[in-house]
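Undergrad: Quick one: the structure is below, and I'll ask about it shortly.
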Amino acid sequence: MSAVTGRVLVLGGTGEARRLATVLAGEGVDVLSSLAGRVADPLLPPGEVRVGGFGGAAGLTAWLQAHPVRAVVDATHPFAATMTASAAAAAELTGVPLLRLQRPGWTAEPGDDWRWVESLEEAAAAVAGFGSVFLTTGRKSLGAFAGLSARCLVRSVDPPEPPLPARTEVVLARGPFTVEEEVALMREHGIEAVVTKDSGGAMTAAKLTAARTLGLPVVVVRRPPAPAGVRVVATVEEAVDWARAQAG
Ligand code: NAP
């Protein structure tokens with residue numbers, strides 16, 4: 001077992017995680033970023049990067065015992081609920097301080113027609129009556145929509161894998177996209193409804209403005225709850241302050 005260091009482990013896969021690692025590395029903090037390995041050609045943060053799962057809560061617990069770190073920042077996506085639960089459990093078992101960095105969710109504005117649902121399955125049911133649907137929930141979540149007979153537009157960085165809706169059209173692209181680009185895409189495909197997770201943040205918000213502009217309904221999947229007992233901050237700046245204090 002190596003000696004305890006000032007190393008900070010950032011569980012990543014988000015823009016916030018990259019920004020956090022960038023600031024910490026710039027301040028000379030020893031930062032290790034962890035990525036799930038989902039994207040073939042990921043945007044890499046500065047500093048050391050490890051790729052791949054830990055093997056559940058037990059695996060992360062063992063990893064933290066074998067590779068001691070001073071603190072962990074869980075900066076994974078708001079819907080990465082399994083990783084977030086593993087981090088909470090492993091932090092409790094090992095006593096390693098844990099912070100959850102999670103950007104705020106989105107809020108509807110005047111002119112929005114948002115329909116909140118609790119799950120991807122409910123989202124699929126909510127758009128079953130539409131002829132052409134833009135699915136923006138991520139390529140790993142398309143199985144929930146596999147029973148749809150509507151034309152489904154899917155945009156992702158890497159090609160999605162089956163099961164997919166029968167009439168799926170895939171556009172390969174990496175955001176961010178402008179409102180104009182989103183409006184043009186939705187018009188081109190005759191989109192009648194948009195499905196999104198409540199991911200929050202500016203990076204993918206243009207689709208919401210585009211839907212408002214076009215008067216389209218948006219089915220919004222509510223976030224999973226944060227684990228109890230874990231401190232949550234909303235901004236990279238707050239996470240930097242916390243990690244700086246932990247790293248000493
Ligand atoms: P998830 O369901 O919570 O994670 C599934 C498994 O992937 C975890 O149990 C863990 O495997 C591994 N994993 C996830 N994040 C990891 C990380 N940062 N480092 C090492 N292993 C990780 O999460 P997901 O929804 O598949 O998301 C995977 C990654 O994509 C996350 O890093 C997340 O930030 C990013 N992402 C997710 C979404 C989304 O909508 N869910 C959107 C954009 C980006 P083990 O159990 O083996 O440790």
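Ordering of the structure tokens sets the chain letters (A, B, ...), residue numbers begin anew at 1 in every chain, and ligands are numbered from 1 in the order given.
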Using only C-alpha atoms and all ligand atoms, I'd like a table of the residues in chain A that come within 6 Å of ligand 1; for each, show the closest atom pair and its distance in Å rounded to one decimal, ordered by chain and ascending number, as CSV.
TA:
residue,atom,partner,partner_atom_place_in_ligand_line,distance
A:Leu11,CA,ligand 1,18 (N),4.1
A:Gly12,CA,ligand 1,18 (N),4.2
A:Gly13,CA,ligand 1,32 (O),3.8
A:Thr14,CA,ligand 1,34 (O),5.2
A:Ser34,CA,ligand 1,19 (N),4.2
A:Leu35,CA,ligand 1,19 (N),3.9
A:Ala36,CA,ligand 1,22 (C),3.6
A:Gly52,CA,ligand 1,20 (C),4.9
A:Gly53,CA,ligand 1,47 (O),3.4
A:Phe54,CA,ligand 1,48 (O),3.5
A:Gly55,CA,ligand 1,47 (O),3.4
A:Gly56,CA,ligand 1,46 (O),3.4
A:Thr76,CA,ligand 1,34 (O),3.4
A:His77,CA,ligand 1,34 (O),3.8
A:Phe79,CA,ligand 1,41 (N),4.4
A:Ala80,CA,ligand 1,3 (O),3.3
A:Ala81,CA,ligand 1,3 (O),4.2
A:Thr82,CA,ligand 1,3 (O),3.4
A:Met83,CA,ligand 1,3 (O),3.8
A:Gly138,CA,ligand 1,40 (O),5.7
Undergrad: At a cut-off of 7 Å, using only C-alpha atoms, what residues contact Ala206 in chain A? Leave out same-chain residues fewer than 6 positions from it and give the result as JSON, numbers by chain.
TA: {"A": [177, 178, 179, 182]}
Undergrad: Please provide as a ChimeraX atom specification all residues within 9 Å of Val154 in chain A, with the sequence filter that same-chain residues fewer than 2 positions apart are discarded (counting only C-alpha atoms).
TA: /A:133-139,142,152,156,160,168-172
Undergrad: I'd like the neighbourhood of Ala211 in chain A as a PyMOL selection string, where a residue qualifies if any of its atoms comes within 8 Å (using only C-alpha atoms), though same-chain residues fewer than 4 positions away should be ignored.
TA: chain A and resi 112+183+194+207+215-218
Undergrad: How about saving the chosen residues, C-alpha atoms kept, as a short mmCIF file (atom, residue, chain, number, x, y, z; two decimals), in the first residue's frame?
TA:
data_model
loop_
_atom_site.label_atom_id
_atom_site.label_comp_id
_atom_site.auth_asym_id
_atom_site.auth_seq_id
_atom_site.Cartn_x
_atom_site.Cartn_y
_atom_site.Cartn_z
CA ASP A 112 -42.00 26.33 -22.30
CA VAL A 183 -33.82 24.89 -34.51
CA VAL A 194 -38.16 16.48 -27.53
CA LYS A 207 -32.21 22.39 -27.46
CA GLY A 215 -43.47 25.65 -29.66
CA LEU A 216 -42.56 21.98 -29.11
CA PRO A 217 -43.32 20.01 -25.96
CA VAL A 218 -40.31 18.75 -23.99
#
Undergrad: Would you mind reading off the distance between CA of Ala234 in chain A and CA of Thr107 in chain A, one decimal, in Å?
TA: 14.9 Å
Undergrad: Would you kindly return, as JSON, numbers by chain, each protein, DNA or RNA residue with an atom no farther than 9 Å from any atom of Val69 in chain A, considering only C-alpha atoms and excluding same-chain residues fewer than 3 positions away?
TA: {"A": [4, 5, 6, 7, 8, 9, 64, 65, 72, 96]}
Undergrad: Hey, could you make a per-residue contact list for range 101-189 of chain A against range 41-47 of chain A with 12 Å as the cut-off, showing the nearest pair of atoms and its distance in Å to one decimal, counting only C-alpha atoms, sorted by chain and number, as CSV?
TA:
residue,atom,partner,partner_atom,distance
A:Val157,CA,A:Asp41,CA,9.0
A:Asp158,CA,A:Asp41,CA,8.8
A:Arg174,CA,A:Pro42,CA,10.6
A:Gly175,CA,A:Leu43,CA,11.9
Undergrad: Would you mind exporting N, CA and C atoms of the selected residues as an mmCIF file, in the first residue's frame?
TA:
data_model
loop_
_atom_site.group_PDB
_atom_site.id
_atom_site.type_symbol
_atom_site.label_atom_id
_atom_site.label_comp_id
_atom_site.auth_asym_id
_atom_site.auth_seq_id
_atom_site.Cartn_x
_atom_site.Cartn_y
_atom_site.Cartn_z
ATOM 1 N N VAL A 157 -22.187 11.156 -29.718
ATOM 2 C CA VAL A 157 -20.777 11.266 -30.108
ATOM 3 C C VAL A 157 -20.338 9.977 -30.798
ATOM 4 N N ASP A 158 -20.660 8.850 -30.196
ATOM 5 C CA ASP A 158 -20.365 7.539 -30.778
ATOM 6 C C ASP A 158 -21.678 6.885 -31.199
ATOM 7 N N ARG A 174 -20.707 16.076 -31.684
ATOM 8 C CA ARG A 174 -20.378 16.403 -30.301
ATOM 9 C C ARG A 174 -20.689 17.875 -30.069
ATOM 10 N N GLY A 175 -21.478 18.172 -29.046
ATOM 11 C CA GLY A 175 -21.865 19.550 -28.745
ATOM 12 C C GLY A 175 -20.695 20.355 -28.235
#
Undergrad: Using Å and a single decimal, report how far CA of Leu185 in chain A sits from CA of Val127 in chain A.
TA: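 The value is 18.7 Å.
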Undergrad: For range 75-193 of chain A versus range 240-247 of chain A, which residues have an atom no more than 12 Å away, and what is each residue's nearest atom pair and distance in Å rounded to one decimal, using only C-alpha atoms, chain-then-number order, as JSON lines?
TA:
{"residue": "A:Ala75", "atom": "CA", "partner": "A:Val240", "partner_atom": "CA", "distance": 11.6}
{"residue": "A:Val96", "atom": "CA", "partner": "A:Gln246", "partner_atom": "CA", "distance": 10.2}
{"residue": "A:Pro97", "atom": "CA", "partner": "A:Gln246", "partner_atom": "CA", "distance": 8.0}
{"residue": "A:Leu98", "atom": "CA", "partner": "A:Ala243", "partner_atom": "CA", "distance": 9.5}
{"residue": "A:Leu99", "atom": "CA", "partner": "A:Trp242", "partner_atom": "CA", "distance": 8.0}
{"residue": "A:Arg100", "atom": "CA", "partner": "A:Trp242", "partner_atom": "CA", "distance": 10.6}
{"residue": "A:Leu101", "atom": "CA", "partner": "A:Val240", "partner_atom": "CA", "distance": 10.0}
Undergrad: Contacts of Ala150 in chain A at 12 Å or less, counting only C-alpha atoms, minus same-chain residues fewer than 3 places along, as a short mmCIF file (atom, residue, chain, number, x, y, z; two decimals) with N, CA, C and O atoms, in the first residue's frame?
TA:
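Listed below is the output, around31.cif:
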data_model
loop_
_atom_site.label_atom_id
_atom_site.label_comp_id
_atom_site.auth_asym_id
_atom_site.auth_seq_id
_atom_site.Cartn_x
_atom_site.Cartn_y
_atom_site.Cartn_z
N ALA A 124 -40.87 7.49 -22.50
CA ALA A 124 -41.27 6.78 -23.72
C ALA A 124 -42.79 6.77 -23.84
O ALA A 124 -43.35 7.00 -24.92
N ALA A 125 -43.47 6.53 -22.71
CA ALA A 125 -44.94 6.52 -22.73
C ALA A 125 -45.48 7.91 -23.09
O ALA A 125 -46.48 8.05 -23.81
N VAL A 127 -44.28 10.18 -25.05
CA VAL A 127 -44.13 10.60 -26.44
C VAL A 127 -44.69 9.57 -27.43
O VAL A 127 -44.52 9.71 -28.65
N ALA A 128 -45.39 8.56 -26.89
CA ALA A 128 -45.88 7.47 -27.75
C ALA A 128 -46.83 7.97 -28.84
O ALA A 128 -46.91 7.39 -29.92
N GLY A 129 -47.53 9.08 -28.59
CA GLY A 129 -48.50 9.56 -29.56
C GLY A 129 -47.93 10.47 -30.63
O GLY A 129 -48.67 10.90 -31.53
N PHE A 130 -46.65 10.78 -30.58
CA PHE A 130 -46.05 11.71 -31.54
C PHE A 130 -45.46 10.96 -32.73
O PHE A 130 -45.05 9.81 -32.61
N GLY A 131 -45.39 11.64 -33.88
CA GLY A 131 -44.89 11.00 -35.09
C GLY A 131 -43.39 11.09 -35.26
O GLY A 131 -42.77 10.24 -35.90
N SER A 132 -42.78 12.15 -34.66
CA SER A 132 -41.34 12.35 -34.86
C SER A 132 -40.75 12.95 -33.59
O SER A 132 -41.13 14.05 -33.18
N VAL A 133 -39.83 12.23 -32.97
CA VAL A 133 -39.36 12.57 -31.63
C VAL A 133 -37.83 12.72 -31.64
O VAL A 133 -37.13 11.90 -32.25
N PHE A 134 -37.35 13.75 -30.96
CA PHE A 134 -35.90 13.94 -30.81
C PHE A 134 -35.51 13.42 -29.44
O PHE A 134 -35.89 13.98 -28.42
N LEU A 135 -34.76 12.31 -29.42
CA LEU A 135 -34.34 11.68 -28.17
C LEU A 135 -32.94 12.17 -27.82
O LEU A 135 -31.97 11.83 -28.51
N PHE A 145 -36.74 3.29 -25.20
CA PHE A 145 -37.61 3.81 -26.25
C PHE A 145 -37.79 2.82 -27.40
O PHE A 145 -38.37 3.15 -28.43
N ALA A 146 -37.24 1.62 -27.23
CA ALA A 146 -37.18 0.65 -28.33
C ALA A 146 -38.57 0.29 -28.87
O ALA A 146 -38.71 -0.07 -30.04
N GLY A 147 -39.60 0.41 -28.03
CA GLY A 147 -40.94 0.04 -28.47
C GLY A 147 -41.65 1.14 -29.24
O GLY A 147 -42.78 0.91 -29.73
N LEU A 153 -35.16 10.67 -33.80
CA LEU A 153 -33.86 11.26 -34.11
C LEU A 153 -32.97 11.13 -32.88
O LEU A 153 -33.37 11.50 -31.77
N LEU A 164 -32.74 -0.32 -30.28
CA LEU A 164 -33.10 1.05 -30.65
C LEU A 164 -34.55 1.05 -31.15
O LEU A 164 -35.05 0.01 -31.58
N PRO A 165 -35.21 2.21 -31.16
CA PRO A 165 -36.52 2.27 -31.81
C PRO A 165 -36.38 1.86 -33.27
O PRO A 165 -35.34 2.09 -33.91
N ALA A 166 -37.45 1.26 -33.81
CA ALA A 166 -37.37 0.67 -35.16
C ALA A 166 -37.01 1.71 -36.22
O ALA A 166 -36.26 1.42 -37.15
N ARG A 167 -37.51 2.94 -36.06
CA ARG A 167 -37.28 3.97 -37.09
C ARG A 167 -36.35 5.05 -36.54
O ARG A 167 -36.74 6.20 -36.38
N THR A 168 -35.12 4.64 -36.24
CA THR A 168 -34.14 5.57 -35.65
C THR A 168 -33.25 6.16 -36.73
O THR A 168 -32.74 5.43 -37.58
N GLU A 169 -33.08 7.47 -36.68
CA GLU A 169 -32.07 8.12 -37.52
C GLU A 169 -31.01 8.69 -36.59
O GLU A 169 -31.33 9.38 -35.62
N GLY A 190 -38.58 17.51 -38.85
CA GLY A 190 -40.01 17.59 -38.54
C GLY A 190 -40.33 17.14 -37.12
O GLY A 190 -41.35 16.48 -36.88
N ILE A 191 -39.46 17.52 -36.19
CA ILE A 191 -39.61 17.05 -34.80
C ILE A 191 -40.90 17.61 -34.19
O ILE A 191 -41.21 18.80 -34.35
N GLU A 192 -41.62 16.74 -33.48
CA GLU A 192 -42.88 17.13 -32.82
C GLU A 192 -42.74 17.17 -31.30
O GLU A 192 -43.57 17.79 -30.62
N ALA A 193 -41.74 16.48 -30.76
CA ALA A 193 -41.52 16.48 -29.31
C ALA A 193 -40.06 16.14 -29.03
O ALA A 193 -39.42 15.41 -29.79
#
Undergrad: Give me, please, the distance in Å between CA of Glu109 in chain A and CA of Ala184 in chain A, quoted to one decimal.
TA: 21.3 Å
Undergrad: Please identify all polymer residues within 12 Å of range 92-94 of chain A, counting only C-alpha atoms, omitting same-chain residues fewer than 6 positions from it, and present them as an mmCIF file with all heavy atoms, in the first residue's frame.
TA:
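Resulting contents of out-v9.cif:
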data_model
loop_
_atom_site.group_PDB
_atom_site.id
_atom_site.type_symbol
_atom_site.label_atom_id
_atom_site.label_comp_id
_atom_site.auth_asym_id
_atom_site.auth_seq_id
_atom_site.Cartn_x
_atom_site.Cartn_y
_atom_site.Cartn_z
ATOM 1 N N ALA A 57 -19.326 -0.601 -5.433
ATOM 2 C CA ALA A 57 -18.908 0.054 -4.185
ATOM 3 C C ALA A 57 -17.757 -0.710 -3.536
ATOM 4 O O ALA A 57 -16.806 -0.109 -3.026
ATOM 5 C CB ALA A 57 -20.103 0.144 -3.233
ATOM 6 N N ALA A 58 -17.828 -2.046 -3.595
ATOM 7 C CA ALA A 58 -16.764 -2.851 -2.976
ATOM 8 C C ALA A 58 -15.442 -2.630 -3.716
ATOM 9 O O ALA A 58 -14.378 -2.523 -3.096
ATOM 10 C CB ALA A 58 -17.150 -4.329 -3.009
ATOM 11 N N GLY A 59 -15.535 -2.538 -5.045
ATOM 12 C CA GLY A 59 -14.325 -2.315 -5.838
ATOM 13 C C GLY A 59 -13.707 -0.952 -5.561
ATOM 14 O O GLY A 59 -12.475 -0.834 -5.441
ATOM 15 N N LEU A 60 -14.543 0.050 -5.452
ATOM 16 C CA LEU A 60 -14.014 1.399 -5.175
ATOM 17 C C LEU A 60 -13.441 1.461 -3.756
ATOM 18 O O LEU A 60 -12.403 2.096 -3.523
ATOM 19 C CB LEU A 60 -15.104 2.458 -5.372
ATOM 20 C CG LEU A 60 -14.673 3.907 -5.116
ATOM 21 C CD1 LEU A 60 -13.474 4.301 -5.987
ATOM 22 C CD2 LEU A 60 -15.835 4.870 -5.365
ATOM 23 N N THR A 61 -14.098 0.773 -2.832
ATOM 24 C CA THR A 61 -13.578 0.721 -1.454
ATOM 25 C C THR A 61 -12.172 0.115 -1.449
ATOM 26 O O THR A 61 -11.240 0.676 -0.859
ATOM 27 C CB THR A 61 -14.524 -0.118 -0.560
ATOM 28 O OG1 THR A 61 -15.810 0.494 -0.587
ATOM 29 C CG2 THR A 61 -14.015 -0.189 0.867
ATOM 30 N N ALA A 62 -12.030 -1.010 -2.139
ATOM 31 C CA ALA A 62 -10.723 -1.670 -2.200
ATOM 32 C C ALA A 62 -9.707 -0.780 -2.911
ATOM 33 O O ALA A 62 -8.538 -0.700 -2.515
ATOM 34 C CB ALA A 62 -10.856 -3.019 -2.916
ATOM 35 N N TRP A 63 -10.166 -0.101 -3.961
ATOM 36 C CA TRP A 63 -9.259 0.783 -4.716
ATOM 37 C C TRP A 63 -8.773 1.910 -3.808
ATOM 38 O O TRP A 63 -7.586 2.253 -3.797
ATOM 39 C CB TRP A 63 -9.975 1.329 -5.955
ATOM 40 C CG TRP A 63 -9.055 2.035 -6.908
ATOM 41 C CD1 TRP A 63 -8.446 1.517 -8.018
ATOM 42 C CD2 TRP A 63 -8.635 3.410 -6.824
ATOM 43 N NE1 TRP A 63 -7.666 2.472 -8.623
ATOM 44 C CE2 TRP A 63 -7.759 3.643 -7.916
ATOM 45 C CE3 TRP A 63 -8.886 4.451 -5.948
ATOM 46 C CZ2 TRP A 63 -7.147 4.872 -8.141
ATOM 47 C CZ3 TRP A 63 -8.272 5.686 -6.167
ATOM 48 C CH2 TRP A 63 -7.422 5.882 -7.252
ATOM 49 N N LEU A 64 -9.691 2.496 -3.027
ATOM 50 C CA LEU A 64 -9.301 3.610 -2.150
ATOM 51 C C LEU A 64 -8.349 3.136 -1.059
ATOM 52 O O LEU A 64 -7.493 3.889 -0.595
ATOM 53 C CB LEU A 64 -10.551 4.250 -1.518
ATOM 54 C CG LEU A 64 -11.415 5.094 -2.456
ATOM 55 C CD1 LEU A 64 -12.716 5.510 -1.771
ATOM 56 C CD2 LEU A 64 -10.662 6.336 -2.937
ATOM 57 N N GLN A 65 -8.508 1.863 -0.663
ATOM 58 C CA GLN A 65 -7.597 1.341 0.358
ATOM 59 C C GLN A 65 -6.213 1.056 -0.233
ATOM 60 O O GLN A 65 -5.209 1.209 0.432
ATOM 61 C CB GLN A 65 -8.197 0.080 0.992
ATOM 62 C CG GLN A 65 -9.341 0.432 1.929
ATOM 63 C CD GLN A 65 -10.254 -0.740 2.264
ATOM 64 O OE1 GLN A 65 -10.221 -1.776 1.590
ATOM 65 N NE2 GLN A 65 -11.085 -0.564 3.275
ATOM 66 N N ALA A 66 -6.192 0.684 -1.519
ATOM 67 C CA ALA A 66 -4.917 0.358 -2.158
ATOM 68 C C ALA A 66 -4.226 1.578 -2.753
ATOM 69 O O ALA A 66 -3.011 1.580 -2.953
ATOM 70 C CB ALA A 66 -5.143 -0.691 -3.253
ATOM 71 N N HIS A 67 -5.005 2.592 -3.093
ATOM 72 C CA HIS A 67 -4.454 3.821 -3.694
ATOM 73 C C HIS A 67 -4.958 5.003 -2.885
ATOM 74 O O HIS A 67 -5.854 5.711 -3.318
ATOM 75 C CB HIS A 67 -4.922 4.000 -5.140
ATOM 76 C CG HIS A 67 -4.666 2.825 -6.022
ATOM 77 N ND1 HIS A 67 -5.508 1.752 -6.096
ATOM 78 C CD2 HIS A 67 -3.657 2.571 -6.879
ATOM 79 C CE1 HIS A 67 -5.030 0.872 -6.954
ATOM 80 N NE2 HIS A 67 -3.901 1.343 -7.450
ATOM 81 N N PRO A 68 -4.410 5.208 -1.703
ATOM 82 C CA PRO A 68 -5.002 6.228 -0.831
ATOM 83 C C PRO A 68 -5.012 7.611 -1.478
ATOM 84 O O PRO A 68 -4.032 8.021 -2.103
ATOM 85 C CB PRO A 68 -4.087 6.219 0.393
ATOM 86 C CG PRO A 68 -3.421 4.895 0.360
ATOM 87 C CD PRO A 68 -3.247 4.559 -1.090
ATOM 88 N N VAL A 69 -6.115 8.277 -1.310
ATOM 89 C CA VAL A 69 -6.246 9.663 -1.766
ATOM 90 C C VAL A 69 -6.762 10.483 -0.591
ATOM 91 O O VAL A 69 -7.397 9.957 0.318
ATOM 92 C CB VAL A 69 -7.208 9.799 -2.973
ATOM 93 C CG1 VAL A 69 -6.672 9.073 -4.188
ATOM 94 C CG2 VAL A 69 -8.603 9.329 -2.614
ATOM 95 N N ARG A 70 -6.478 11.753 -0.631
ATOM 96 C CA ARG A 70 -6.878 12.618 0.476
ATOM 97 C C ARG A 70 -8.374 12.906 0.442
ATOM 98 O O ARG A 70 -9.012 13.077 1.470
ATOM 99 C CB ARG A 70 -6.077 13.926 0.381
ATOM 100 C CG ARG A 70 -6.326 14.935 1.484
ATOM 101 C CD ARG A 70 -5.774 14.467 2.845
ATOM 102 N NE ARG A 70 -4.344 14.227 2.838
ATOM 103 C CZ ARG A 70 -3.410 15.166 3.065
ATOM 104 N NH1 ARG A 70 -3.767 16.383 3.333
ATOM 105 N NH2 ARG A 70 -2.129 14.862 3.048
ATOM 106 N N ALA A 71 -8.915 12.976 -0.771
ATOM 107 C CA ALA A 71 -10.324 13.351 -0.891
ATOM 108 C C ALA A 71 -10.839 12.929 -2.264
ATOM 109 O O ALA A 71 -10.063 12.774 -3.211
ATOM 110 C CB ALA A 71 -10.488 14.861 -0.719
ATOM 111 N N VAL A 72 -12.154 12.770 -2.340
ATOM 112 C CA VAL A 72 -12.801 12.402 -3.601
ATOM 113 C C VAL A 72 -13.852 13.451 -3.939
ATOM 114 O O VAL A 72 -14.650 13.837 -3.064
ATOM 115 C CB VAL A 72 -13.495 11.020 -3.499
ATOM 116 C CG1 VAL A 72 -14.188 10.670 -4.822
ATOM 117 C CG2 VAL A 72 -12.495 9.939 -3.113
ATOM 118 N N ALA A 85 -23.706 6.463 -6.058
ATOM 119 C CA ALA A 85 -24.015 5.619 -4.895
ATOM 120 C C ALA A 85 -22.768 4.855 -4.440
ATOM 121 O O ALA A 85 -22.516 4.720 -3.235
ATOM 122 C CB ALA A 85 -25.148 4.649 -5.249
ATOM 123 N N SER A 86 -21.981 4.368 -5.392
ATOM 124 C CA SER A 86 -20.740 3.649 -5.038
ATOM 125 C C SER A 86 -19.786 4.569 -4.290
ATOM 126 O O SER A 86 -19.161 4.167 -3.305
ATOM 127 C CB SER A 86 -20.025 3.137 -6.293
ATOM 128 O OG SER A 86 -20.726 2.090 -6.881
ATOM 129 N N PRO A 227 -27.386 10.985 -2.889
ATOM 130 C CA PRO A 227 -27.294 10.103 -1.713
ATOM 131 C C PRO A 227 -27.331 10.917 -0.419
ATOM 132 O O PRO A 227 -26.788 12.021 -0.365
ATOM 133 C CB PRO A 227 -25.948 9.399 -1.899
ATOM 134 C CG PRO A 227 -25.213 10.146 -2.936
ATOM 135 C CD PRO A 227 -26.182 10.960 -3.713
ATOM 136 N N ALA A 228 -27.959 10.344 0.594
ATOM 137 C CA ALA A 228 -28.077 11.046 1.880
ATOM 138 C C ALA A 228 -26.703 11.174 2.530
ATOM 139 O O ALA A 228 -25.842 10.307 2.373
ATOM 140 C CB ALA A 228 -29.025 10.269 2.790
ATOM 141 N N GLY A 229 -26.523 12.286 3.219
ATOM 142 C CA GLY A 229 -25.313 12.433 4.033
ATOM 143 C C GLY A 229 -24.076 12.891 3.293
ATOM 144 O O GLY A 229 -23.000 12.968 3.882
ATOM 145 N N VAL A 230 -24.196 13.151 1.985
ATOM 146 C CA VAL A 230 -23.039 13.612 1.218
ATOM 147 C C VAL A 230 -23.210 15.107 0.933
ATOM 148 O O VAL A 230 -24.282 15.531 0.493
ATOM 149 C CB VAL A 230 -22.901 12.842 -0.117
ATOM 150 C CG1 VAL A 230 -21.731 13.382 -0.938
ATOM 151 C CG2 VAL A 230 -22.725 11.355 0.140
#
